[in-house]
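> Sharing protein38.cif (mmCIF, C-alpha atoms) below.
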data_coords
loop_
_atom_site.label_atom_id
_atom_site.label_comp_id
_atom_site.auth_asym_id
_atom_site.auth_seq_id
_atom_site.Cartn_x
_atom_site.Cartn_y
_atom_site.Cartn_z
CA MET A 176 42.94 59.04 -44.96
CA THR A 177 42.62 55.31 -45.65
CA VAL A 178 40.47 53.91 -48.44
CA PHE A 179 37.85 52.71 -45.97
CA GLU A 180 37.76 56.06 -44.18
CA GLU A 181 37.29 57.79 -47.51
CA LEU A 182 34.33 55.55 -48.37
CA LYS A 183 32.73 56.60 -45.12
CA ALA A 184 33.60 60.27 -45.59
CA ARG A 185 32.03 60.23 -49.06
CA GLY A 186 28.81 58.80 -47.61
CA LEU A 187 29.06 55.49 -49.44
CA ILE A 188 28.53 53.11 -46.52
CA ALA A 189 25.11 52.67 -44.91
CA GLN A 190 25.56 49.48 -42.88
CA LEU A 191 27.86 46.49 -42.81
CA THR A 192 28.81 43.33 -40.98
CA ASP A 193 32.33 42.61 -39.63
CA GLU A 194 33.54 46.21 -39.87
CA ASP A 195 37.08 45.56 -38.63
CA GLU A 196 37.69 42.75 -41.12
CA ILE A 197 36.17 44.71 -44.00
CA ARG A 198 38.28 47.78 -43.19
CA ASP A 199 41.51 45.76 -42.98
CA LEU A 200 40.90 43.90 -46.25
CA ILE A 201 39.97 47.01 -48.23
CA ASN A 202 42.82 49.11 -46.86
CA ALA A 203 45.30 46.34 -47.66
CA GLY A 204 43.96 45.99 -51.21
CA LYS A 205 43.20 42.31 -50.59
CA ALA A 206 39.43 42.25 -50.94
CA THR A 207 37.73 40.32 -53.71
CA PHE A 208 34.19 41.66 -53.79
CA TYR A 209 31.18 41.49 -56.04
CA ILE A 210 28.27 43.68 -57.06
CA GLY A 211 25.34 42.23 -58.99
CA PHE A 212 23.63 43.73 -62.04
CA ASP A 213 20.36 42.26 -63.32
CA PRO A 214 20.19 42.62 -67.13
CA THR A 215 16.69 44.10 -67.33
CA ALA A 216 17.62 46.43 -70.23
CA ASP A 217 20.27 46.66 -72.94
CA SER A 218 22.05 49.55 -71.21
CA LEU A 219 23.16 50.49 -67.74
CA HIS A 220 21.62 53.68 -66.39
CA VAL A 221 22.33 56.38 -63.83
CA GLY A 222 20.99 54.11 -61.10
CA HIS A 223 24.01 51.80 -61.65
CA PHE A 224 26.48 54.66 -61.72
CA MET A 225 27.47 54.73 -58.08
CA ALA A 226 28.16 51.00 -57.99
CA LEU A 227 30.47 51.34 -61.01
CA CYS A 228 32.29 54.28 -59.42
CA LEU A 229 32.74 52.30 -56.21
CA MET A 230 34.17 49.33 -58.11
CA LYS A 231 36.61 51.64 -59.89
CA ARG A 232 37.58 53.34 -56.63
CA LEU A 233 38.31 50.05 -54.85
CA GLN A 234 40.13 48.59 -57.84
CA MET A 235 42.44 51.62 -57.90
CA ALA A 236 43.34 50.71 -54.30
CA GLY A 237 44.38 47.18 -55.34
CA ASN A 238 41.15 45.29 -54.60
CA ARG A 239 39.60 42.94 -57.16
CA PRO A 240 35.99 43.53 -58.29
CA ILE A 241 33.66 40.93 -59.69
CA ALA A 242 30.81 42.23 -61.81
CA LEU A 243 28.13 39.59 -61.49
CA ILE A 244 25.67 39.69 -64.37
CA GLY A 245 22.32 38.16 -63.43
CA GLY A 246 21.68 36.02 -66.46
CA GLY A 247 20.07 33.45 -64.15
CA THR A 248 18.36 35.64 -61.55
CA GLY A 249 17.17 37.85 -64.41
CA MET A 250 14.83 35.02 -65.34
CA ILE A 251 13.13 35.39 -61.97
CA GLY A 252 13.26 39.09 -61.14
CA ASP A 253 14.05 40.77 -57.84
CA PRO A 254 10.88 41.77 -55.91
CA SER A 255 12.76 44.42 -53.89
CA GLY A 256 11.20 47.86 -54.23
CA ARG A 257 8.50 46.66 -56.60
CA THR A 258 4.72 46.47 -56.34
CA ASP A 259 4.29 44.13 -59.29
CA MET A 260 6.04 41.23 -60.99
CA ARG A 261 8.69 41.97 -63.59
CA GLN A 262 8.02 41.10 -67.19
CA MET A 263 9.66 37.80 -68.07
CA MET A 264 12.51 37.99 -70.60
CA THR A 265 13.68 35.38 -73.08
CA PRO A 266 17.19 33.88 -72.73
CA GLU A 267 18.18 35.61 -75.98
CA ILE A 268 17.21 39.06 -74.68
CA ILE A 269 18.99 38.43 -71.39
CA GLN A 270 22.19 37.39 -73.20
CA HIS A 271 22.04 40.47 -75.45
CA ASN A 272 21.66 42.72 -72.40
CA CYS A 273 24.57 40.98 -70.67
CA ASP A 274 26.80 41.63 -73.69
CA CYS A 275 25.83 45.32 -73.67
CA PHE A 276 26.61 45.60 -69.95
CA LYS A 277 30.10 44.18 -70.41
CA LYS A 278 30.96 46.70 -73.10
CA GLN A 279 29.84 49.62 -70.93
CA MET A 280 31.48 48.35 -67.75
CA SER A 281 34.82 48.07 -69.50
CA LYS A 282 34.97 51.87 -69.55
CA PHE A 283 35.13 51.84 -65.74
CA ILE A 284 36.74 48.58 -64.76
CA ASP A 285 40.08 47.12 -65.92
CA PHE A 286 39.37 43.48 -66.72
CA SER A 287 42.87 42.73 -68.02
CA ASP A 288 45.21 40.25 -66.35
CA ASP A 289 42.55 39.03 -63.90
CA LYS A 290 42.39 42.46 -62.21
CA ALA A 291 38.63 42.14 -62.35
CA LEU A 292 36.17 39.46 -63.38
CA MET A 293 32.84 39.50 -65.15
CA VAL A 294 30.77 36.46 -64.26
CA ASN A 295 27.28 35.37 -65.28
CA ASN A 296 25.27 33.52 -62.65
CA ALA A 297 23.48 31.64 -65.41
CA ASP A 298 26.62 29.47 -65.48
CA TRP A 299 25.57 27.77 -62.24
CA LEU A 300 21.91 28.65 -61.64
CA LEU A 301 20.58 27.23 -64.90
CA ASN A 302 22.17 23.85 -64.26
CA LEU A 303 20.90 23.39 -60.71
CA ASN A 304 18.98 20.27 -59.77
CA TYR A 305 15.88 21.44 -57.93
CA VAL A 306 15.79 18.64 -55.35
CA ASN A 307 19.51 19.04 -54.59
CA LEU A 308 19.02 22.79 -54.21
CA LEU A 309 16.22 22.24 -51.71
CA ARG A 310 18.37 19.82 -49.70
CA GLU A 311 21.67 21.69 -49.84
CA VAL A 312 20.55 25.32 -49.79
CA GLY A 313 16.85 25.50 -48.91
CA ALA A 314 17.49 23.76 -45.60
CA CYS A 315 19.65 26.73 -44.53
CA PHE A 316 16.81 29.26 -44.81
CA SER A 317 14.01 29.98 -42.37
CA VAL A 318 10.75 30.91 -44.09
CA ASN A 319 9.79 32.90 -40.98
CA ASN A 320 12.92 35.01 -41.31
CA MET A 321 12.44 35.44 -45.05
CA LEU A 322 8.90 36.73 -44.57
CA ARG A 323 10.19 39.32 -42.12
CA ALA A 324 12.52 40.74 -44.80
CA GLU A 325 11.42 44.17 -46.04
CA CYS A 326 11.68 43.15 -49.70
CA TYR A 327 8.96 40.54 -49.14
CA LYS A 328 6.80 42.33 -46.56
CA GLN A 329 6.00 45.17 -48.94
CA ARG A 330 4.72 42.68 -51.54
CA MET A 331 2.61 40.41 -49.33
CA GLU A 332 -0.61 42.43 -49.58
CA ARG A 333 -0.48 42.72 -53.37
CA GLY A 334 0.74 39.19 -53.89
CA LEU A 335 4.18 37.61 -54.12
CA SER A 336 4.76 34.76 -56.55
CA PHE A 337 6.67 31.67 -55.46
CA LEU A 338 9.01 32.43 -58.36
CA GLU A 339 10.01 35.77 -56.81
CA PHE A 340 10.10 34.26 -53.32
CA ASN A 341 13.07 32.21 -54.49
CA TYR A 342 15.10 35.30 -55.41
CA MET A 343 16.74 35.59 -51.99
CA ILE A 344 17.88 31.98 -52.18
CA MET A 345 19.27 32.49 -55.69
CA GLN A 346 21.17 35.64 -54.71
CA SER A 347 22.52 33.96 -51.59
CA TYR A 348 23.65 31.00 -53.66
CA ASP A 349 25.49 33.43 -55.96
CA PHE A 350 27.67 34.60 -53.06
CA TYR A 351 28.25 31.01 -51.98
CA MET A 352 29.43 30.06 -55.48
CA LEU A 353 31.59 33.17 -55.92
CA TYR A 354 33.19 32.50 -52.54
CA GLN A 355 34.11 28.94 -53.54
CA LYS A 356 35.05 29.53 -57.19
CA TYR A 357 36.84 32.88 -56.99
CA GLY A 358 37.68 33.49 -53.33
CA CYS A 359 35.14 36.33 -53.14
CA GLN A 360 34.93 37.30 -49.45
CA MET A 361 32.73 40.37 -49.71
CA GLN A 362 29.51 41.56 -51.35
CA PHE A 363 28.30 45.11 -51.92
CA GLY A 364 24.78 46.26 -52.73
CA GLY A 365 22.08 48.82 -52.14
CA ASP A 366 20.24 49.23 -48.87
CA ASP A 367 17.17 47.62 -50.47
CA GLN A 368 19.30 44.46 -50.90
CA TRP A 369 20.29 44.09 -47.24
CA SER A 370 18.12 41.04 -46.46
CA ASN A 371 19.25 39.20 -49.59
CA MET A 372 22.88 39.97 -48.83
CA LEU A 373 22.65 38.79 -45.24
CA GLY A 374 21.18 35.57 -46.59
CA GLY A 375 24.33 35.00 -48.64
CA THR A 376 26.65 35.67 -45.71
CA GLU A 377 24.68 33.30 -43.46
CA LEU A 378 24.57 30.58 -46.13
CA ILE A 379 28.37 30.57 -46.45
CA ARG A 380 28.85 30.41 -42.70
CA LYS A 381 26.30 27.64 -42.27
CA LYS A 382 27.73 25.56 -45.10
CA LEU A 383 31.42 26.22 -44.51
CA GLY A 384 31.61 27.04 -40.82
CA LYS A 385 31.11 30.15 -38.70
CA ASN A 386 34.66 31.31 -39.31
CA ALA A 387 34.19 31.45 -43.07
CA TYR A 388 35.40 34.83 -44.29
CA ALA A 389 32.19 36.25 -45.76
CA MET A 390 31.17 39.86 -45.23
CA THR A 391 28.47 42.26 -46.31
CA ILE A 392 28.35 46.00 -46.89
CA THR A 393 25.59 48.22 -48.29
CA LEU A 394 25.82 51.48 -50.18
CA LEU A 395 23.92 54.52 -49.02
CA LEU A 396 22.66 55.87 -52.33
CA THR A 397 21.85 52.88 -54.48
CA SER A 398 18.09 53.10 -53.84
CA GLU A 399 18.25 56.86 -54.34
CA GLY A 400 20.36 56.19 -57.41
CA LYS A 401 17.56 54.09 -58.88
CA LYS A 402 15.25 57.07 -58.45
CA MET A 403 17.92 59.36 -59.88
CA GLY A 404 18.03 57.17 -62.95
CA LYS A 405 14.53 58.30 -63.89
CA THR A 406 13.31 61.65 -65.15
CA GLN A 407 9.90 62.83 -66.29
CA SER A 408 10.81 61.82 -69.83
CA GLY A 409 12.17 58.37 -68.93
CA ALA A 410 15.43 56.75 -67.86
CA VAL A 411 18.87 58.34 -68.09
CA TRP A 412 20.99 55.74 -69.84
CA LEU A 413 24.76 55.39 -70.17
CA ASP A 414 24.37 54.34 -73.80
CA PRO A 415 24.82 57.47 -75.96
CA ASP A 416 22.27 56.13 -78.46
CA LYS A 417 19.65 56.20 -75.70
CA THR A 418 20.73 59.34 -73.83
CA SER A 419 22.96 61.71 -75.79
CA PRO A 420 26.12 63.09 -74.13
CA TYR A 421 24.46 66.52 -74.12
CA ASP A 422 21.32 65.23 -72.38
CA PHE A 423 23.49 63.26 -69.94
CA TYR A 424 25.45 66.42 -69.15
CA GLN A 425 22.24 68.42 -68.77
CA TYR A 426 20.78 65.83 -66.39
CA TRP A 427 23.58 66.46 -63.91
CA ARG A 428 23.76 70.18 -64.68
CA ASN A 429 20.10 70.48 -63.64
CA ILE A 430 20.06 68.47 -60.41
CA ASP A 431 18.68 70.10 -57.26
CA ASP A 432 20.95 72.44 -55.33
CA ALA A 433 20.58 70.19 -52.27
CA ASP A 434 22.05 67.18 -54.14
CA VAL A 435 25.09 68.64 -55.90
CA ILE A 436 27.65 68.30 -53.08
CA LYS A 437 26.38 64.83 -52.17
CA CYS A 438 26.79 63.70 -55.79
CA LEU A 439 30.25 65.26 -56.03
CA ARG A 440 31.32 63.26 -52.96
CA MET A 441 29.83 59.96 -54.06
CA LEU A 442 30.29 59.93 -57.80
CA THR A 443 33.46 61.87 -58.65
CA PHE A 444 37.12 61.37 -57.90
CA ILE A 445 37.67 65.01 -56.96
CA PRO A 446 39.60 65.18 -53.65
CA LEU A 447 37.35 65.61 -50.63
CA GLU A 448 39.19 68.75 -49.59
CA GLN A 449 38.13 70.49 -52.80
CA ILE A 450 34.55 69.28 -52.44
CA GLU A 451 34.36 70.58 -48.88
CA GLU A 452 35.39 74.00 -50.19
CA MET A 453 32.60 73.79 -52.78
CA ALA A 454 30.17 72.97 -49.96
CA LYS A 455 30.65 76.58 -48.79
CA TRP A 456 29.49 77.98 -52.13
CA GLU A 457 26.11 79.66 -52.36
CA GLY A 458 23.82 81.17 -54.95
CA SER A 459 25.25 81.34 -58.45
CA GLU A 460 28.41 79.55 -57.29
CA LEU A 461 26.34 76.37 -56.99
CA ASN A 462 25.77 76.51 -60.74
CA HIS A 463 29.53 76.28 -61.18
CA ALA A 464 29.58 73.25 -58.87
CA LYS A 465 26.88 71.65 -61.03
CA GLU A 466 28.96 72.31 -64.13
CA ILE A 467 31.93 70.60 -62.51
CA LEU A 468 29.78 67.59 -61.57
CA ALA A 469 28.21 67.35 -65.03
CA TYR A 470 31.55 67.66 -66.82
CA GLU A 471 33.35 65.08 -64.63
CA LEU A 472 30.62 62.48 -65.01
CA CYS A 473 30.11 63.10 -68.71
CA LYS A 474 33.85 62.73 -69.27
CA MET A 475 33.86 59.50 -67.30
CA ILE A 476 31.05 58.00 -69.41
CA HIS A 477 31.48 59.57 -72.85
CA GLY A 478 35.08 60.78 -72.93
CA GLU A 479 36.71 64.21 -72.73
CA GLU A 480 35.82 65.29 -76.26
CA GLU A 481 32.09 64.70 -75.80
CA ALA A 482 32.17 66.30 -72.36
CA ASN A 483 33.81 69.42 -73.83
CA LYS A 484 31.17 69.59 -76.58
CA ALA A 485 28.30 69.14 -74.12
CA GLN A 486 29.64 71.82 -71.81
CA ALA A 487 30.26 74.29 -74.63
CA THR A 488 26.76 73.77 -76.01
CA SER A 489 25.18 74.12 -72.58
CA ARG A 490 27.05 77.32 -71.84
CA SER A 491 26.30 78.85 -75.23
CA LEU A 492 22.61 78.10 -74.94
CA PHE A 493 22.27 79.56 -71.48
CA ALA A 494 24.29 82.58 -72.58
CA ALA A 495 21.99 82.96 -75.60
CA ALA A 496 25.00 82.79 -77.88
CA GLY A 497 23.05 80.70 -80.36
CA ASP A 498 25.63 77.94 -80.95
CA SER A 499 23.43 74.91 -81.58
CA SER A 500 26.01 72.70 -83.33
CA ASN A 501 26.05 70.08 -80.56
CA MET A 502 22.44 70.47 -79.48
CA PRO A 503 20.08 67.46 -79.60
CA SER A 504 18.40 67.54 -82.99
CA VAL A 505 15.73 65.82 -85.03
CA GLN A 506 15.14 65.68 -88.77
CA ILE A 507 11.76 65.94 -90.46
CA SER A 508 10.84 65.34 -94.10
CA THR A 509 8.49 66.95 -96.60
CA GLU A 510 6.00 64.17 -95.83
CA ASP A 511 5.56 65.69 -92.36
CA PHE A 512 4.13 68.87 -93.90
CA ASP A 513 0.47 69.43 -94.70
CA ASN A 514 -0.09 71.83 -97.60
CA GLY A 515 3.43 73.19 -97.16
CA SER A 516 3.27 73.80 -93.41
CA ILE A 517 3.68 72.03 -90.08
CA ASP A 518 2.17 73.13 -86.77
CA ILE A 519 4.05 73.78 -83.53
CA LEU A 520 2.34 70.93 -81.68
CA THR A 521 3.57 68.37 -84.23
CA LEU A 522 7.08 69.81 -84.06
CA LEU A 523 7.16 69.63 -80.27
CA VAL A 524 6.12 65.96 -80.31
CA LYS A 525 8.57 65.02 -83.09
CA SER A 526 11.39 66.81 -81.26
CA GLY A 527 10.73 64.80 -78.11
CA LEU A 528 10.27 67.93 -76.03
CA CYS A 529 6.64 66.97 -75.41
CA THR A 530 5.12 63.53 -75.08
CA SER A 531 1.84 64.26 -76.89
CA LYS A 532 -0.03 67.03 -78.63
CA SER A 533 -2.08 67.67 -75.51
CA ASP A 534 1.17 68.00 -73.52
CA ALA A 535 2.53 70.35 -76.23
CA ARG A 536 -0.63 72.46 -76.22
CA ARG A 537 -0.49 72.78 -72.42
CA ASN A 538 3.13 73.98 -72.56
CA VAL A 539 2.35 76.51 -75.28
CA GLU A 540 -0.66 77.87 -73.37
CA GLN A 541 1.47 78.21 -70.25
CA GLY A 542 4.02 80.29 -72.16
CA GLY A 543 6.80 77.73 -71.86
CA ILE A 544 7.70 77.29 -75.56
CA GLU A 545 10.05 79.29 -77.78
CA ALA A 546 10.79 78.78 -81.47
CA GLY A 547 13.66 80.58 -83.16
CA GLY A 548 14.24 82.66 -80.04
CA GLU A 549 10.65 83.95 -79.86
CA LYS A 550 7.91 82.86 -77.50
CA VAL A 551 5.16 80.85 -79.18
CA LYS A 552 1.90 82.57 -78.29
CA SER A 553 -0.57 80.22 -79.94
CA PHE A 554 -0.78 76.48 -80.51
CA THR A 555 -2.01 77.17 -84.06
CA VAL A 556 1.34 78.63 -85.19
CA LEU A 557 2.57 77.10 -88.47
CA PHE A 558 6.04 76.79 -90.01
CA SER A 559 7.09 76.35 -93.62
CA GLU A 560 9.98 74.32 -95.02
CA LYS A 561 11.83 77.60 -95.48
CA ASP A 562 11.45 78.36 -91.74
CA ILE A 563 13.18 75.08 -90.93
CA ALA A 564 15.69 74.91 -93.78
CA ASP A 565 18.56 76.38 -91.74
CA GLY A 566 17.47 74.70 -88.52
CA LEU A 567 14.76 75.83 -86.10
CA VAL A 568 15.71 75.80 -82.40
CA LEU A 569 12.82 74.88 -80.11
CA LYS A 570 13.05 75.61 -76.40
CA LYS A 571 10.86 74.18 -73.63
CA GLY A 572 11.12 75.95 -70.29
CA LYS A 573 14.56 77.18 -69.35
CA LYS A 574 16.65 74.09 -69.98
CA LYS A 575 15.27 71.87 -72.75
CA PHE A 576 16.36 72.49 -76.36
CA CYS A 577 16.10 70.72 -79.70
CA LYS A 578 17.06 71.79 -83.21
CA VAL A 579 14.67 70.74 -86.00
CA THR A 580 16.20 70.36 -89.47
CA MET A 581 15.08 69.07 -92.85
CA GLN A 582 16.27 65.76 -94.22
#
Could you show the structure in this file as structure tokens?

Amino acid sequence: MTVFEELKARGLIAQLTDEDEIRDLINAGKATFYIGFDPTADSLHVGHFMALCLMKRLQMAGNRPIALIGGGTGMIGDPSGRTDMRQMMTPEIIQHNCDCFKKQMSKFIDFSDDKALMVNNADWLLNLNYVNLLREVGACFSVNNMLRAECYKQRMERGLSFLEFNYMIMQSYDFYMLYQKYGCQMQFGGDDQWSNMLGGTELIRKKLGKNAYAMTITLLLTSEGKKMGKTQSGAVWLDPDKTSPYDFYQYWRNIDDADVIKCLRMLTFIPLEQIEEMAKWEGSELNHAKEILAYELCKMIHGEEEANKAQATSRSLFAAAGDSSNMPSVQISTEDFDNGSIDILTLLVKSGLCTSKSDARRNVEQGGIEAGGEKVKSFTVLFSEKDIADGLVLKKGKKKFCKVTMQ
């Protein structure tokens, strides 16, 4: 199976232009391609994960990835998939986020010896002359066509700022610059980026001739990946200080049965033949498939040692073995006690298992909370410092744990 065929078999390609040329370049290991990342936070999250895996997969086949950090476009904000305008960030925050992205990406992509590039579009966008941009680039875009793009249509009723309206032109100009500066012939992105990506391909061909070698391909799961990057308690980050290796492992260990094989195909490097055998598994066997997925992805992000710890802790907890050494934990101090005791609602909030005391009370009343292996039957239950001295394990539902200890 060729590299291109494998991308299709893993469900990574939704739509593309110039299929024959794209297939030949990728299979020959001669593609220079880019994927963009807007620095809206100081860590990448699960929503970026598939793009990083794709870059790694193609680099292993000899192709050269360019990770384009949106230091310039980040000042505008992409309206795709949004109902409101993004909060504006300062240049200092954007630069800090860019630096964090580079550190995390280096775990996936080999940037040595020009095998891959990391480029910041602030290098050209921030120095543009507005009138020249209108003449040289704006003239290549039809406003009628832009307004028909899905990313703009969904915002028209609520209101679309002129600032955001320029995003397609900025992203298209990125491809134009990468094509000229680095020989980048190909761009990858999510299906919600299709209109913006086509704009870049058309700009190159209009400016440099119809035979200019510029191609576009979209990934199937990137929009789903953005949803996957969120849980009820917030985003799932790749930074271990934001999402611990254990919580990262548990996120994948707890995905829906219907998603496990799809994620194994798209996100892991396990041979397809093995995954197709797993697709035949049913019932409790699917839990083993989830363990494999969680372990492989945790190892990829946090290393083998952390993946082993996370798996051992997860297994011991579900087997009621009581090993909480690697469990997420929180420390409290004597100041948190009132007359020598602390109530269960306060503990649940401080542990992060519940978002508020009302949320904690609701979970207790529904019978979903355990403390020290026993179900908590009342929200008025109190604990002393002695109860917590050796560590008190709190459990919410079947899968959420936290150990409370004293400072």
> Would you list the contacts of Gly543 (chain A) as a list in words, taking every protein, DNA or RNA residue within 12 Å and counting all atoms listed in the file, but skipping same-chain residues closer than 2 positions in sequence?
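My list of contacting residues is Leu523, Leu528, Cys529, Asp534, Ala535, Arg536, Arg537, Asn538, Val539, Glu540, Gln541, Glu545, Ala546, Glu549, Lys550, Val551, Lys552, Ser553, Phe554, Leu569, Lys570, Lys571, Gly572, Lys573, Lys574, Lys575 and Phe576 of chain A.
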> Axis-aligned box over every listed atom of region 447-458 of chain A, padded by 3 Å per side: centre and edges in Å to one decimal, as lines of an AutoDock Vina configuration file?

center_x = 31.5
center_y = 73.4
center_z = -51.9
size_x = 21.4
size_y = 21.6
size_z = 12.2
> Running the PyMOL selection byres ((chain A and resi 435-451) around 8) on this model by hand, what would come out? Give it as number ranges by chain.
A: 185-187, 224-225, 228, 430-434, 452-455, 461, 464-465, 468, 471-472
> Between CA of Leu373 (chain A) and CA of Thr391 (chain A), what distance in Å does the model show, to one decimal?
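Computing the Euclidean distance for CA of Leu373 (chain A) and CA of Thr391 (chain A) yields 6.9 Å.
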> What is the distance, in Å and to one decimal place, between CA of Gln234 (chain A) and CA of Asp213 (chain A)?
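Taking CA of Gln234 (chain A) and CA of Asp213 (chain A), their separation equals 21.5 Å.
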> Where does the PyMOL selection byres ((chain A and resi 267-274) around 7) land in this file, that is, which residues does it pick, as a list of chain:residue names?
A:Pro214, A:Ala216, A:Asp217, A:Ser218, A:Ile244, A:Gly246, A:Met264, A:Thr265, A:Pro266, A:Cys275, A:Phe276, A:Lys277, A:Lys278
> Compare A:Ala564, A:Leu413, A:Leu303, A:Ile210 by their minimum atom-to-atom distance to Phe350 (chain A), counting all atoms listed in the file, and give me the closest one.
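With all atoms listed in the file as the atom set, the closest residue is A:Ile210.
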> CA of Val221 (chain A) to CA of Gly375 (chain A): how many Å, to one decimal?
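About the pair CA of Val221 (chain A) and CA of Gly375 (chain A): they are 26.3 Å apart.
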> Please evaluate the PyMOL selection byres ((chain A and resi 506) around 8) against the structure above and give the resulting residues as a list in words.
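Evaluating the PyMOL selection byres ((chain A and resi 506) around 8) on these coordinates yields Ser504, Val505, Ile507, Ser508, Val579, Thr580, Met581 and Gln582 of chain A.
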> I'd like to know which of A:Asn302, A:Asn202, A:Thr555, A:Ser491 is closest to Thr177 (chain A), using only C-alpha atoms.
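The answer is A:Asn202, which sits nearest to Thr177 (chain A).
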> Hey, what's within 8 Å of region 380-390 of chain A if we count all atoms listed in the file and toss same-chain stuff fewer than 3 positions away? As a list in words, please?
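After dropping sequence-adjacent residues, the list is Leu191, Thr192, Asp193, Ile197, Cys315, Tyr354, Cys359, Gln360, Met361, Gln362, Thr376 and Glu377 of chain A.
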> If you keep C-alpha atoms, can you produce a file of those selected residues as a PDB file, in the frame of the given file?

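Written file, out25.pdb:
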ATOM      1  CA  LEU A 191      27.860  46.490 -42.810  1.00  0.00           C
ATOM      2  CA  THR A 192      28.810  43.330 -40.980  1.00  0.00           C
ATOM      3  CA  ASP A 193      32.330  42.610 -39.630  1.00  0.00           C
ATOM      4  CA  ILE A 197      36.170  44.710 -44.000  1.00  0.00           C
ATOM      5  CA  CYS A 315      19.650  26.730 -44.530  1.00  0.00           C
ATOM      6  CA  TYR A 354      33.190  32.500 -52.540  1.00  0.00           C
ATOM      7  CA  CYS A 359      35.140  36.330 -53.140  1.00  0.00           C
ATOM      8  CA  GLN A 360      34.930  37.300 -49.450  1.00  0.00           C
ATOM      9  CA  MET A 361      32.730  40.370 -49.710  1.00  0.00           C
ATOM     10  CA  GLN A 362      29.510  41.560 -51.350  1.00  0.00           C
ATOM     11  CA  THR A 376      26.650  35.670 -45.710  1.00  0.00           C
ATOM     12  CA  GLU A 377      24.680  33.300 -43.460  1.00  0.00           C
TER      13      GLU A 377
END
> Identify, on the basis of all atoms listed in the file, every residue whose closest approach to Ile201 (chain A) does not exceed 8 Å; exclude the query and any residue fewer than 5 positions from it along the same chain; express the result as an MDAnalysis selection string.
chainID A and resid 178:179 206 233 236 238
> I need the residue nearest Pro415 (chain A) from this list: A:Gly358, A:Gly478, A:Gly515, A:Gly247. Use all atoms listed in the file for the distance.
A:Gly478
> For His223 (chain A), which residue among A:Thr530, A:Gln279, A:Asn320, A:Asn514 is the nearest when counting all atoms listed in the file?
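Among the listed residues, A:Gln279 lies closest to His223 (chain A).
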> With distances taken over only C-alpha atoms, which of A:Cys577, A:Ala242, A:Leu353, A:Ala184 is nearest to Gly527 (chain A)?
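Of all the options, A:Cys577 lies closest to Gly527 (chain A).
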> Nearest to Met280 (chain A): which of A:Ala469, A:Ile476, A:Asn295, A:Gly458 is it, counting all atoms listed in the file?
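Comparing A:Ala469, A:Ile476, A:Asn295, A:Gly458 against Met280 (chain A), the winner is A:Ile476.
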